[in-house]
file my_file_8.cif (mmCIF, C-alpha atoms and all ligand atoms)
data_target
#
loop_
_atom_site.label_atom_id
_atom_site.label_comp_id
_atom_site.auth_asym_id
_atom_site.auth_seq_id
_atom_site.Cartn_x
_atom_site.Cartn_y
_atom_site.Cartn_z
CA MET A 21 -12.93 -14.67 -27.53
CA ALA A 22 -10.88 -11.47 -27.36
CA LYS A 23 -8.93 -10.35 -30.41
CA ARG A 24 -6.83 -7.53 -29.02
CA VAL A 25 -5.62 -7.06 -25.44
CA VAL A 26 -3.74 -4.49 -23.37
CA LEU A 27 -1.07 -6.20 -21.28
CA ALA A 28 0.38 -4.72 -18.09
CA TYR A 29 4.01 -5.06 -19.13
CA SER A 30 6.86 -4.95 -16.62
CA GLY A 31 9.54 -5.88 -19.12
CA GLY A 32 10.50 -8.96 -17.12
CA LEU A 33 10.79 -12.52 -18.37
CA ASP A 34 7.18 -13.55 -17.71
CA THR A 35 5.45 -10.61 -19.35
CA SER A 36 7.84 -10.69 -22.32
CA VAL A 37 7.15 -14.36 -22.92
CA ALA A 38 3.44 -13.66 -22.34
CA VAL A 39 3.36 -11.28 -25.32
CA ARG A 40 4.47 -13.96 -27.77
CA TRP A 41 2.59 -16.76 -26.05
CA MET A 42 -0.72 -14.89 -26.38
CA ILE A 43 -0.02 -14.16 -30.05
CA GLU A 44 0.85 -17.79 -30.81
CA ASN A 45 -1.60 -19.64 -28.62
CA LEU A 46 -4.58 -17.31 -28.40
CA GLY A 47 -4.24 -15.50 -31.72
CA LEU A 48 -4.28 -12.12 -29.99
CA GLU A 49 -2.91 -8.74 -30.90
CA VAL A 50 -1.05 -7.34 -27.92
CA ILE A 51 -0.58 -3.75 -26.77
CA CYS A 52 1.90 -3.32 -23.94
CA LEU A 53 1.60 -0.76 -21.15
CA SER A 54 4.59 -0.03 -18.92
CA ALA A 55 3.81 2.23 -15.98
CA ASP A 56 6.23 4.24 -13.89
CA VAL A 57 4.83 4.05 -10.37
CA GLY A 58 8.13 5.00 -8.77
CA GLN A 59 9.77 1.57 -8.87
CA GLU A 60 13.57 1.28 -8.70
CA GLY A 61 14.05 -0.58 -11.96
CA THR A 62 14.21 1.38 -15.19
CA LEU A 63 11.67 1.04 -17.98
CA GLU A 64 14.39 1.81 -20.48
CA GLY A 65 14.47 -0.81 -23.19
CA ASN A 66 10.90 -1.93 -22.54
CA ARG A 67 9.67 -0.55 -25.86
CA GLU A 68 12.23 -2.57 -27.82
CA LYS A 69 11.54 -5.67 -25.74
CA ALA A 70 7.78 -5.40 -26.12
CA LEU A 71 7.89 -4.79 -29.87
CA GLY A 72 10.62 -7.40 -30.24
CA ALA A 73 8.32 -9.94 -28.61
CA GLY A 74 5.63 -9.10 -31.15
CA ALA A 75 3.48 -6.38 -29.55
CA ILE A 76 1.65 -4.17 -32.07
CA ALA A 77 2.05 -1.10 -29.84
CA TYR A 78 3.85 0.05 -26.71
CA GLU A 79 2.81 2.80 -24.33
CA GLN A 80 4.77 4.09 -21.38
CA LEU A 81 3.17 6.31 -18.75
CA ASP A 82 4.64 8.24 -15.84
CA LEU A 83 1.96 7.68 -13.21
CA ARG A 84 3.92 8.77 -10.15
CA ALA A 85 1.99 11.96 -9.41
CA GLU A 86 -1.38 10.34 -10.02
CA PHE A 87 -0.37 7.38 -7.88
CA ALA A 88 0.56 9.67 -5.00
CA ASP A 89 -2.40 12.03 -5.25
CA GLU A 90 -5.22 9.62 -6.06
CA TYR A 91 -4.10 6.40 -4.36
CA LEU A 92 -1.56 7.14 -1.62
CA ALA A 93 -3.22 10.27 -0.20
CA PRO A 94 -6.45 8.35 0.59
CA ILE A 95 -4.40 5.55 2.13
CA ILE A 96 -2.55 7.98 4.39
CA LYS A 97 -5.82 9.61 5.45
CA ALA A 98 -7.13 6.11 6.22
CA ASN A 99 -3.97 4.98 8.11
CA ALA A 100 -4.56 1.81 6.12
CA LEU A 101 -2.41 -1.12 7.23
CA TYR A 102 -3.47 -4.65 6.25
CA GLU A 103 -3.50 -6.98 9.25
CA LYS A 104 -2.19 -4.04 11.26
CA GLN A 105 1.17 -3.94 9.47
CA TYR A 106 1.34 -3.98 5.68
CA PRO A 107 0.90 -0.59 3.99
CA LEU A 108 -0.61 -2.18 0.83
CA VAL A 109 2.26 -1.38 -1.53
CA SER A 110 1.35 -3.76 -4.38
CA ALA A 111 -2.38 -3.59 -3.72
CA LEU A 112 -2.34 0.12 -4.58
CA SER A 113 -0.51 0.15 -7.90
CA ARG A 114 -2.73 -2.51 -9.52
CA PRO A 115 -5.99 -0.54 -9.70
CA LEU A 116 -4.11 2.47 -11.07
CA ILE A 117 -2.46 0.37 -13.79
CA VAL A 118 -5.80 -1.21 -14.68
CA LYS A 119 -7.42 2.21 -14.97
CA HIS A 120 -4.87 3.06 -17.66
CA GLN A 121 -5.12 -0.35 -19.33
CA VAL A 122 -8.82 0.25 -19.70
CA ALA A 123 -8.21 3.72 -21.16
CA LEU A 124 -5.78 2.20 -23.67
CA ALA A 125 -8.22 -0.58 -24.49
CA ARG A 126 -10.72 2.11 -25.49
CA LYS A 127 -8.07 4.02 -27.46
CA TYR A 128 -6.93 0.97 -29.40
CA GLY A 129 -10.31 -0.73 -29.66
CA ALA A 130 -9.09 -3.67 -27.59
CA ASP A 131 -11.57 -6.10 -26.05
CA GLY A 132 -9.43 -7.58 -23.30
CA ILE A 133 -7.03 -6.88 -20.44
CA ALA A 134 -4.05 -9.13 -19.70
CA HIS A 135 -1.61 -9.45 -16.81
CA GLY A 136 1.38 -11.63 -15.91
CA CYS A 137 0.31 -12.80 -12.45
CA THR A 138 0.29 -16.39 -11.27
CA GLY A 139 -2.76 -18.11 -9.87
CA LYS A 140 -1.50 -18.13 -6.28
CA GLY A 141 -1.29 -14.46 -5.49
CA ASN A 142 -3.37 -11.41 -4.71
CA ASP A 143 -2.30 -9.37 -7.69
CA GLN A 144 -4.38 -11.40 -10.19
CA VAL A 145 -7.40 -10.63 -8.00
CA ARG A 146 -6.65 -6.91 -8.02
CA PHE A 147 -6.05 -6.73 -11.77
CA GLU A 148 -9.16 -8.63 -12.66
CA VAL A 149 -11.60 -7.29 -10.10
CA SER A 150 -10.50 -3.72 -10.89
CA SER A 151 -11.09 -4.40 -14.56
CA MET A 152 -14.48 -5.98 -13.86
CA ALA A 153 -15.44 -2.87 -11.88
CA LEU A 154 -14.27 -0.32 -14.46
CA ALA A 155 -15.04 -2.14 -17.69
CA PRO A 156 -17.32 -5.15 -17.21
CA ASP A 157 -17.34 -5.76 -20.96
CA LEU A 158 -13.61 -6.50 -21.23
CA GLU A 159 -12.27 -10.04 -21.26
CA LEU A 160 -9.56 -11.05 -18.77
CA ILE A 161 -6.52 -12.97 -19.96
CA ALA A 162 -3.97 -14.43 -17.56
CA PRO A 163 -1.42 -16.39 -19.63
CA VAL A 164 1.00 -17.08 -16.76
CA ARG A 165 -1.81 -18.75 -14.83
CA ASN A 166 -2.55 -21.14 -17.66
CA TRP A 167 0.60 -21.94 -19.58
CA GLY A 168 2.18 -24.30 -17.05
CA PHE A 169 5.74 -23.04 -17.73
CA SER A 170 8.52 -23.33 -15.16
CA ARG A 171 11.09 -20.56 -15.12
CA GLU A 172 13.37 -22.74 -17.26
CA ASP A 173 10.55 -23.33 -19.74
CA SER A 174 10.04 -19.57 -20.03
CA ILE A 175 13.73 -18.94 -20.65
CA GLU A 176 13.76 -21.69 -23.28
CA TYR A 177 10.60 -20.30 -24.94
CA ALA A 178 12.16 -16.81 -25.04
CA ALA A 179 15.36 -18.16 -26.62
CA LEU A 180 13.41 -20.24 -29.15
CA HIS A 181 11.41 -17.20 -30.29
CA ASN A 182 14.25 -14.67 -30.11
CA ILE A 183 12.45 -12.69 -27.45
CA PRO A 184 14.83 -10.17 -25.90
CA VAL A 185 14.51 -10.63 -22.14
CA GLY A 186 17.72 -9.17 -20.74
CA ALA A 187 19.43 -10.88 -17.82
CA THR A 188 17.86 -14.20 -17.00
CA LYS A 189 20.24 -15.23 -14.24
CA GLU A 190 18.75 -17.15 -11.35
CA LYS A 191 16.10 -15.02 -9.76
CA LEU A 192 16.33 -15.33 -6.00
CA TYR A 193 13.24 -13.42 -4.91
CA SER A 194 9.93 -12.22 -6.22
CA ILE A 195 10.02 -8.47 -5.86
CA ASP A 196 7.42 -5.80 -6.47
CA ASP A 197 8.11 -2.17 -5.67
CA ASN A 198 6.83 1.33 -6.16
CA LEU A 199 6.87 4.75 -4.52
CA TRP A 200 5.10 3.34 -1.46
CA GLY A 201 7.54 0.51 -0.71
CA ARG A 202 8.98 -2.82 -1.72
CA ALA A 203 7.74 -6.40 -1.28
CA ILE A 204 10.25 -9.27 -1.22
CA GLU A 205 9.03 -12.88 -1.29
CA CYS A 206 10.30 -16.43 -1.92
CA GLY A 207 13.76 -17.97 -1.55
CA GLU A 208 14.86 -18.74 2.02
CA MET A 209 11.94 -16.74 3.35
CA GLU A 210 9.47 -19.47 2.45
CA ASP A 211 10.53 -20.93 5.80
CA PRO A 212 8.77 -18.62 8.25
CA TRP A 213 11.29 -19.52 10.96
CA ALA A 214 14.27 -18.37 8.89
CA GLU A 215 15.44 -14.79 9.32
CA PRO A 216 15.40 -12.78 6.08
CA PRO A 217 18.95 -12.66 4.68
CA ALA A 218 20.61 -9.23 4.89
CA GLY A 219 20.71 -9.06 1.10
CA VAL A 220 16.95 -8.65 0.70
CA TRP A 221 16.93 -5.09 2.05
CA GLN A 222 17.46 -2.19 -0.30
CA MET A 223 15.44 0.86 0.79
CA THR A 224 16.33 0.45 4.45
CA GLN A 225 20.11 0.39 4.72
CA LEU A 226 21.49 1.98 7.88
CA THR A 227 23.92 4.63 6.65
CA GLU A 228 23.11 7.50 9.03
CA THR A 229 24.05 7.21 12.68
CA GLU A 230 23.69 10.84 13.80
CA PRO A 231 20.17 11.28 15.25
CA ARG A 232 18.04 13.94 13.58
CA GLU A 233 14.55 15.33 13.59
CA VAL A 234 12.14 15.71 10.69
CA THR A 235 9.03 17.88 10.85
CA LEU A 236 6.16 16.72 8.66
CA SER A 237 3.35 19.14 7.81
CA PHE A 238 -0.15 17.96 6.96
CA TYR A 239 -3.07 19.80 5.37
CA GLU A 240 -6.48 18.19 5.85
CA GLY A 241 -4.87 14.82 6.39
CA VAL A 242 -2.44 14.95 3.46
CA PRO A 243 1.32 15.44 3.89
CA VAL A 244 2.39 18.69 2.24
CA GLY A 245 5.83 19.53 3.61
CA ILE A 246 9.10 18.35 5.14
CA ASP A 247 10.97 20.69 7.48
CA GLY A 248 9.02 23.68 6.21
CA THR A 249 9.54 22.95 2.51
CA THR A 250 6.35 22.38 0.56
CA LEU A 251 6.57 19.48 -1.91
CA PRO A 252 4.21 17.63 -4.26
CA LEU A 253 3.22 14.39 -2.57
CA PHE A 254 5.21 12.05 -4.80
CA GLU A 255 8.38 14.08 -4.26
CA LEU A 256 7.72 14.27 -0.54
CA ILE A 257 7.38 10.49 -0.36
CA THR A 258 10.54 9.95 -2.44
CA THR A 259 12.50 12.32 -0.20
CA LEU A 260 11.16 10.76 2.97
CA ASN A 261 11.97 7.24 1.73
CA HIS A 262 15.62 8.31 1.50
CA ILE A 263 15.73 10.13 4.83
CA VAL A 264 13.93 7.50 6.90
CA GLY A 265 15.39 4.54 5.00
CA SER A 266 18.93 5.73 5.69
CA TYR A 267 18.24 5.12 9.39
CA GLY A 268 17.38 1.50 8.60
CA TYR A 269 13.77 2.07 9.62
CA GLY A 270 10.76 0.69 7.77
CA ARG A 271 11.18 -3.09 7.60
CA LEU A 272 8.39 -5.59 8.09
CA ASP A 273 8.52 -9.36 8.42
CA MET A 274 5.11 -10.96 8.65
CA VAL A 275 2.92 -13.90 7.73
CA GLU A 276 -0.21 -12.61 6.02
CA ASN A 277 -3.47 -14.06 4.79
CA ARG A 278 -3.76 -13.89 1.02
CA ARG A 279 -7.18 -13.50 -0.58
CA VAL A 280 -6.82 -16.94 -2.19
CA GLY A 281 -6.55 -18.73 1.16
CA ILE A 282 -2.79 -19.10 1.50
CA LYS A 283 -0.77 -17.93 4.47
CA SER A 284 2.31 -16.31 3.10
CA ARG A 285 5.55 -15.09 4.66
CA GLU A 286 6.32 -11.62 3.38
CA THR A 287 8.99 -9.06 3.97
CA TYR A 288 8.51 -5.42 3.13
CA GLU A 289 10.37 -2.14 3.23
CA ALA A 290 8.25 0.97 3.40
CA PRO A 291 10.13 3.70 5.27
CA ALA A 292 8.09 6.71 4.14
CA ALA A 293 4.77 4.89 4.30
CA LEU A 294 5.26 3.75 7.88
CA ALA A 295 6.65 7.10 9.05
CA LEU A 296 3.86 9.08 7.34
CA MET A 297 1.05 6.97 8.71
CA MET A 298 2.54 7.01 12.20
CA ALA A 299 2.74 10.81 12.04
CA HIS A 300 -0.72 11.18 10.52
CA ALA A 301 -2.39 8.99 13.14
CA ASP A 302 -0.62 10.99 15.81
CA LEU A 303 -1.91 14.27 14.42
CA GLU A 304 -5.41 12.80 14.42
CA ALA A 305 -5.03 12.07 18.11
CA ILE A 306 -5.05 15.81 18.84
CA THR A 307 -7.49 16.89 16.13
CA LEU A 308 -10.26 14.24 16.03
CA GLU A 309 -13.06 14.25 18.57
CA ARG A 310 -13.05 11.00 20.53
CA ASP A 311 -16.02 9.19 19.00
CA LEU A 312 -15.02 10.18 15.50
CA GLN A 313 -11.50 8.92 16.15
CA ARG A 314 -12.70 5.61 17.60
CA GLU A 315 -15.11 4.92 14.76
CA LYS A 316 -12.50 5.84 12.21
CA ILE A 317 -10.00 3.41 13.73
CA ARG A 318 -12.63 0.66 13.46
CA LEU A 319 -13.19 1.44 9.77
CA GLU A 320 -9.49 1.69 8.94
CA HIS A 321 -9.11 -2.09 9.19
CA ARG A 322 -12.05 -2.60 6.88
CA TYR A 323 -10.65 -0.08 4.44
CA ALA A 324 -7.29 -1.87 4.35
CA GLU A 325 -9.01 -5.23 3.77
CA MET A 326 -11.05 -3.83 0.89
CA VAL A 327 -7.94 -2.52 -0.82
CA TYR A 328 -5.94 -5.68 -0.15
CA ASP A 329 -8.76 -7.83 -1.54
CA GLY A 330 -8.86 -5.96 -4.85
CA LEU A 331 -11.94 -3.85 -4.14
CA TRP A 332 -10.41 -0.42 -4.74
CA PHE A 333 -13.13 0.36 -7.28
CA SER A 334 -16.17 -0.52 -5.19
CA PRO A 335 -19.08 1.37 -3.68
CA LEU A 336 -18.03 0.59 -0.12
CA ARG A 337 -14.51 1.94 -0.63
CA LEU A 338 -15.97 5.11 -2.13
CA ALA A 339 -18.38 5.51 0.78
CA LEU A 340 -15.59 4.94 3.29
CA ASP A 341 -13.54 7.58 1.47
CA ALA A 342 -16.39 10.05 1.89
CA PHE A 343 -16.44 9.35 5.63
CA ILE A 344 -12.67 9.59 5.91
CA ASP A 345 -12.51 12.82 3.90
CA SER A 346 -15.11 14.38 6.12
CA SER A 347 -13.08 13.34 9.19
CA GLN A 348 -9.96 15.13 7.92
CA GLU A 349 -11.26 18.72 7.95
CA PHE A 350 -9.13 19.74 10.93
CA VAL A 351 -6.23 17.27 10.50
CA THR A 352 -3.90 20.11 9.64
CA GLY A 353 -0.67 20.64 11.57
CA ASP A 354 2.86 19.44 12.17
CA VAL A 355 4.42 16.30 13.61
CA ARG A 356 8.02 16.04 14.78
CA LEU A 357 9.72 12.72 14.13
CA ARG A 358 12.98 11.73 15.72
CA LEU A 359 15.24 9.40 13.75
CA GLU A 360 17.89 7.23 15.34
CA PRO A 361 19.52 4.08 13.99
CA ASN A 362 16.70 1.57 13.30
CA ARG A 363 14.19 3.78 15.06
CA CYS A 364 11.63 6.44 14.17
CA VAL A 365 9.33 7.93 16.80
CA VAL A 366 6.99 10.88 17.20
CA VAL A 367 8.34 13.39 19.69
CA GLY A 368 5.92 16.28 19.17
CA ARG A 369 2.72 17.40 17.45
CA ARG A 370 0.80 20.66 17.05
CA ALA A 371 -2.29 21.85 15.19
CA PRO A 372 -4.15 25.16 14.81
CA LYS A 373 -7.42 23.36 15.65
CA SER A 374 -5.99 21.05 18.29
CA LEU A 375 -8.50 19.64 20.78
CA TYR A 376 -5.75 19.24 23.36
CA ASP A 377 -6.73 21.68 26.11
CA TYR A 378 -3.92 22.52 28.50
CA GLY A 379 -6.35 23.91 31.10
CA LEU A 380 -8.17 20.58 31.18
CA ALA A 381 -5.11 18.34 30.98
CA THR A 382 -2.69 20.02 33.39
CA TYR A 383 -2.04 19.00 36.95
CA ASP A 384 -0.52 22.37 37.81
CA SER A 385 -2.25 25.51 39.10
CA ALA A 386 -3.70 26.43 35.68
CA ASP A 387 -6.09 23.48 36.06
CA ARG A 388 -9.66 24.40 35.00
CA PHE A 389 -11.14 20.89 35.21
CA ARG A 390 -14.08 20.62 37.65
CA HIS A 391 -12.88 17.76 39.84
CA ALA A 392 -16.10 17.52 41.84
CA ASP A 393 -18.11 16.69 38.70
CA SER A 394 -16.29 13.39 38.44
CA GLU A 395 -17.80 11.95 41.59
CA GLY A 396 -21.35 11.75 40.27
CA PHE A 397 -20.17 10.89 36.77
CA VAL A 398 -18.21 7.86 37.90
CA ARG A 399 -20.99 6.74 40.24
CA LEU A 400 -23.49 6.59 37.36
CA TRP A 401 -20.95 5.20 34.90
CA GLY A 402 -20.30 2.23 37.20
CA LEU A 403 -23.88 1.80 38.41
CA GLY A 404 -24.71 -0.94 35.93
CA VAL A 405 -21.80 -3.21 36.79
CA GLN A 406 -22.22 -2.44 40.48
CA THR A 407 -25.79 -3.72 40.31
CA TRP A 408 -24.71 -6.74 38.26
CA SER A 409 -21.97 -7.59 40.74
CA ALA A 410 -24.27 -7.46 43.73
CA VAL A 411 -26.95 -9.66 42.16
CA GLN A 412 -25.14 -12.03 39.79
CA GLY A 413 -21.42 -11.33 39.87
CA PRO A 414 -18.56 -11.48 42.37
CA GLY A 415 -20.51 -9.37 44.93
CA SER A 416 -23.40 -11.88 45.06
CA LYS A 417 -21.09 -14.57 46.50
CA ASN A 418 -20.62 -12.50 49.68
CA SER A 419 -24.26 -12.55 50.79
N1 LIG B 1 1.82 -9.95 -0.57
C1 LIG B 1 1.81 -8.60 -1.06
C2 LIG B 1 0.46 -8.24 -1.59
O1 LIG B 1 -0.33 -9.10 -1.85
C3 LIG B 1 2.91 -8.36 -2.03
C4 LIG B 1 2.75 -8.96 -3.39
C5 LIG B 1 3.98 -8.66 -4.16
N2 LIG B 1 3.94 -9.14 -5.51
C6 LIG B 1 4.96 -9.75 -6.09
N3 LIG B 1 4.85 -10.05 -7.32
N4 LIG B 1 6.06 -10.01 -5.44
O2 LIG B 1 0.15 -7.09 -1.73
#
call {"tool": "encode", "arguments": {"input": "my_file_8.cif", "output": "structure tokens"}}
result
Amino acid sequence: MAKRVVLAYSGGLDTSVAVRWMIENLGLEVICLSADVGQEGTLEGNREKALGAGAIAYEQLDLRAEFADEYLAPIIKANALYEKQYPLVSALSRPLIVKHQVALARKYGADGIAHGCTGKGNDQVRFEVSSMALAPDLELIAPVRNWGFSREDSIEYAALHNIPVGATKEKLYSIDDNLWGRAIECGEMEDPWAEPPAGVWQMTQLTETEPREVTLSFYEGVPVGIDGTTLPLFELITTLNHIVGSYGYGRLDMVENRRVGIKSRETYEAPAALALMMAHADLEAITLERDLQREKIRLEHRYAEMVYDGLWFSPLRLALDAFIDSSQEFVTGDVRLRLEPNRCVVVGRRAPKSLYDYGLATYDSADRFRHADSEGFVRLWGLGVQTWSAVQGPGSKNS
């Protein structure tokens, strides 16, 4: 049984109660880690709350740049959308947090990793599988999964033990957010027929009505600039969240398949993520050779599933990254996005190594395509189905 654990500490009610609960019920020493991954809420006061709840140490890390460079850049290169829509917001921050929990476990001589996830979600899977992959020797502790507390029980437990938890007013939704977007669950939205109430949206409020264009620059598949200004990726994403979000663009409303077998209604806001991946995929359309592009599209779904299912640290994800990185050599160029209220579309793209050949594509007099070659090509291309039709298919019914 573990003696000392590193807890991923958000500063919310559950993780604050978890600190004391693990001390009292499991006899553990608890080290709290609060990570800045670009979420809206402040981490201010977390140190006092963690120590007040009984933690022996508190560490706070600004992981925004690492999150962008090591986790979001690969996702952009992969155009990774789970079930064709969800840009994997929560699925991406978990492995990063675990990586740092493990580092702290080594620093403090801890023998376990703890998290505040329930037993019904994906995040427990990501925390634990990431930990198993990085540090198979560490024990996994999930107090919230085992204690059987309702929200009222937790509030009562906090009061009883003088645990500072801040505002405990009725929590309407379960929210998780970071640089890459925001997930909003529960409340009215547990009825998949009910429209999400206007109040759930935060990053995507329509405040700009005057259409505008934004030019995004990419270097080897990674976004490097907005309108000619070069920015570190995490700043670029932050800036783009504001620009695109102010046009009300970037909302998702979907029912998704959780790893634990539950269908779940989820709403998301991810203005920069959706705009960046739309632009990136568009740039690939002019820079990737056809077969490479087709195969990559096939693998993108697999990549997204791996990440969603908690397998960030896995040999297949690493191998897919190697393939994707190799595909990005010429994905350098610019994409023009047009923003209008509730709308974001690509209106132009260019690349120094573009495979778009005007002489081949044009219908005007500059045409260099050898039209006569097509006759024989199409005849052989269709020969197989022509033979099939005559013998077994629709053509055979005529004889
Ligand atoms: N369903 C999403 C996912 O599995 C979002 C989870 C958000 N977590 C939360 N605690 N609200 O990635």
call {"tool": "closest_residue", "arguments": {"input": "my_file_8.cif", "among": "A:Val118, A:Val185, A:Leu359, A:Ile195", "to": "ligand LIG 1 (chain B)", "atoms": "all atoms listed in the file"}}
result
A:Ile195
call {"tool": "residues_near_ligand", "arguments": {"input": "my_file_8.cif", "ligand": "ligand LIG 1 (chain B)", "cutoff": "8 Å", "atoms": "all atoms listed in the file", "output": "JSON, numbers by chain"}}
result
{"A": [108, 109, 110, 111, 137, 141, 142, 143, 193, 194, 195, 196, 197, 203, 204, 205, 276, 278, 284, 286, 328]}
call {"tool": "residues_around", "arguments": {"input": "my_file_8.cif", "residues": "Leu272 in chain A", "least_positions_apart": "3", "cutoff": "7 Å", "atoms": "all atoms listed in the file", "output": "ChimeraX atom specification"}}
result
/A:287-289
call {"tool": "atom_distance", "arguments": {"input": "my_file_8.cif", "atom1": "CA of Gly270 in chain A", "atom2": "CA of Met209 in chain A"}}
result
18.0 Å
call {"tool": "closest_atom_pairs", "arguments": {"input": "my_file_8.cif", "of": "range 143-244 of chain A", "to": "range 370-379 of chain A", "cutoff": "12 Å", "atoms": "all atoms listed in the file", "output": "JSON lines"}}
result
{"residue": "A:Thr235", "atom": "CA", "partner": "A:Arg370", "partner_atom": "CA", "distance": 10.7}
{"residue": "A:Leu236", "atom": "CA", "partner": "A:Arg370", "partner_atom": "CA", "distance": 10.7}
{"residue": "A:Ser237", "atom": "CA", "partner": "A:Ala371", "partner_atom": "CA", "distance": 9.7}
{"residue": "A:Phe238", "atom": "CA", "partner": "A:Ala371", "partner_atom": "CA", "distance": 9.4}
{"residue": "A:Tyr239", "atom": "CA", "partner": "A:Ala371", "partner_atom": "CA", "distance": 10.1}
{"residue": "A:Glu240", "atom": "CA", "partner": "A:Ala371", "partner_atom": "CA", "distance": 10.9}
{"residue": "A:Gly241", "atom": "CA", "partner": "A:Ala371", "partner_atom": "CA", "distance": 11.6}
call {"tool": "atom_distance", "arguments": {"input": "my_file_8.cif", "atom1": "CA of Cys364 in chain A", "atom2": "CA of Leu294 in chain A"}}
result
9.3 Å
call {"tool": "residues_around", "arguments": {"input": "my_file_8.cif", "residues": "Arg363 in chain A", "least_positions_apart": "4", "cutoff": "12 Å", "atoms": "all atoms listed in the file", "output": "PyMOL selection string"}}
result
chain A and resi 224+226+228-233+264-271+291+294-295+357-359
call {"tool": "decode", "arguments": {"input": "my_file_8.cif", "residues": "range 392-409 of chain A", "atoms": "N, CA and C atoms", "output": "PDB file, in the first residue's frame"}}
result
ATOM      1  N   ALA A 392      -5.671  13.505 -74.644  1.00  0.00           N
ATOM      2  CA  ALA A 392      -5.796  12.227 -75.344  1.00  0.00           C
ATOM      3  C   ALA A 392      -5.361  11.043 -74.482  1.00  0.00           C
ATOM      4  N   ASP A 393      -4.452  11.299 -73.519  1.00  0.00           N
ATOM      5  CA  ASP A 393      -4.006  10.203 -72.645  1.00  0.00           C
ATOM      6  C   ASP A 393      -5.156   9.612 -71.831  1.00  0.00           C
ATOM      7  N   SER A 394      -6.150  10.416 -71.589  1.00  0.00           N
ATOM      8  CA  SER A 394      -7.231   9.965 -70.710  1.00  0.00           C
ATOM      9  C   SER A 394      -8.052   8.838 -71.324  1.00  0.00           C
ATOM     10  N   GLU A 395      -8.130   8.804 -72.628  1.00  0.00           N
ATOM     11  CA  GLU A 395      -8.985   7.808 -73.278  1.00  0.00           C
ATOM     12  C   GLU A 395      -8.549   6.393 -72.893  1.00  0.00           C
ATOM     13  N   GLY A 396      -7.282   6.090 -73.120  1.00  0.00           N
ATOM     14  CA  GLY A 396      -6.775   4.758 -72.786  1.00  0.00           C
ATOM     15  C   GLY A 396      -6.776   4.513 -71.290  1.00  0.00           C
ATOM     16  N   PHE A 397      -6.451   5.556 -70.535  1.00  0.00           N
ATOM     17  CA  PHE A 397      -6.422   5.411 -69.072  1.00  0.00           C
ATOM     18  C   PHE A 397      -7.794   4.993 -68.549  1.00  0.00           C
ATOM     19  N   VAL A 398      -8.815   5.699 -68.982  1.00  0.00           N
ATOM     20  CA  VAL A 398     -10.149   5.390 -68.447  1.00  0.00           C
ATOM     21  C   VAL A 398     -10.617   4.017 -68.931  1.00  0.00           C
ATOM     22  N   ARG A 399     -10.241   3.663 -70.175  1.00  0.00           N
ATOM     23  CA  ARG A 399     -10.665   2.360 -70.694  1.00  0.00           C
ATOM     24  C   ARG A 399     -10.103   1.236 -69.812  1.00  0.00           C
ATOM     25  N   LEU A 400      -8.837   1.336 -69.452  1.00  0.00           N
ATOM     26  CA  LEU A 400      -8.243   0.285 -68.609  1.00  0.00           C
ATOM     27  C   LEU A 400      -8.742   0.368 -67.167  1.00  0.00           C
ATOM     28  N   TRP A 401      -8.934   1.566 -66.691  1.00  0.00           N
ATOM     29  CA  TRP A 401      -9.430   1.756 -65.312  1.00  0.00           C
ATOM     30  C   TRP A 401     -10.785   1.073 -65.138  1.00  0.00           C
ATOM     31  N   GLY A 402     -11.636   1.170 -66.158  1.00  0.00           N
ATOM     32  CA  GLY A 402     -12.991   0.624 -66.039  1.00  0.00           C
ATOM     33  C   GLY A 402     -13.106  -0.802 -66.555  1.00  0.00           C
ATOM     34  N   LEU A 403     -12.008  -1.352 -67.080  1.00  0.00           N
ATOM     35  CA  LEU A 403     -12.085  -2.668 -67.722  1.00  0.00           C
ATOM     36  C   LEU A 403     -12.611  -3.756 -66.790  1.00  0.00           C
ATOM     37  N   GLY A 404     -12.165  -3.742 -65.564  1.00  0.00           N
ATOM     38  CA  GLY A 404     -12.591  -4.758 -64.605  1.00  0.00           C
ATOM     39  C   GLY A 404     -14.095  -4.752 -64.366  1.00  0.00           C
ATOM     40  N   VAL A 405     -14.653  -3.596 -64.103  1.00  0.00           N
ATOM     41  CA  VAL A 405     -16.103  -3.557 -63.839  1.00  0.00           C
ATOM     42  C   VAL A 405     -16.893  -3.757 -65.120  1.00  0.00           C
ATOM     43  N   GLN A 406     -16.292  -3.397 -66.259  1.00  0.00           N
ATOM     44  CA  GLN A 406     -16.992  -3.627 -67.531  1.00  0.00           C
ATOM     45  C   GLN A 406     -17.147  -5.138 -67.758  1.00  0.00           C
ATOM     46  N   THR A 407     -16.067  -5.866 -67.482  1.00  0.00           N
ATOM     47  CA  THR A 407     -16.097  -7.321 -67.642  1.00  0.00           C
ATOM     48  C   THR A 407     -17.097  -7.943 -66.667  1.00  0.00           C
ATOM     49  N   TRP A 408     -17.015  -7.465 -65.421  1.00  0.00           N
ATOM     50  CA  TRP A 408     -17.952  -7.965 -64.386  1.00  0.00           C
ATOM     51  C   TRP A 408     -19.408  -7.729 -64.794  1.00  0.00           C
ATOM     52  N   SER A 409     -19.691  -6.526 -65.297  1.00  0.00           N
ATOM     53  CA  SER A 409     -21.057  -6.196 -65.658  1.00  0.00           C
ATOM     54  C   SER A 409     -21.570  -7.135 -66.736  1.00  0.00           C
TER      55      SER A 409
END
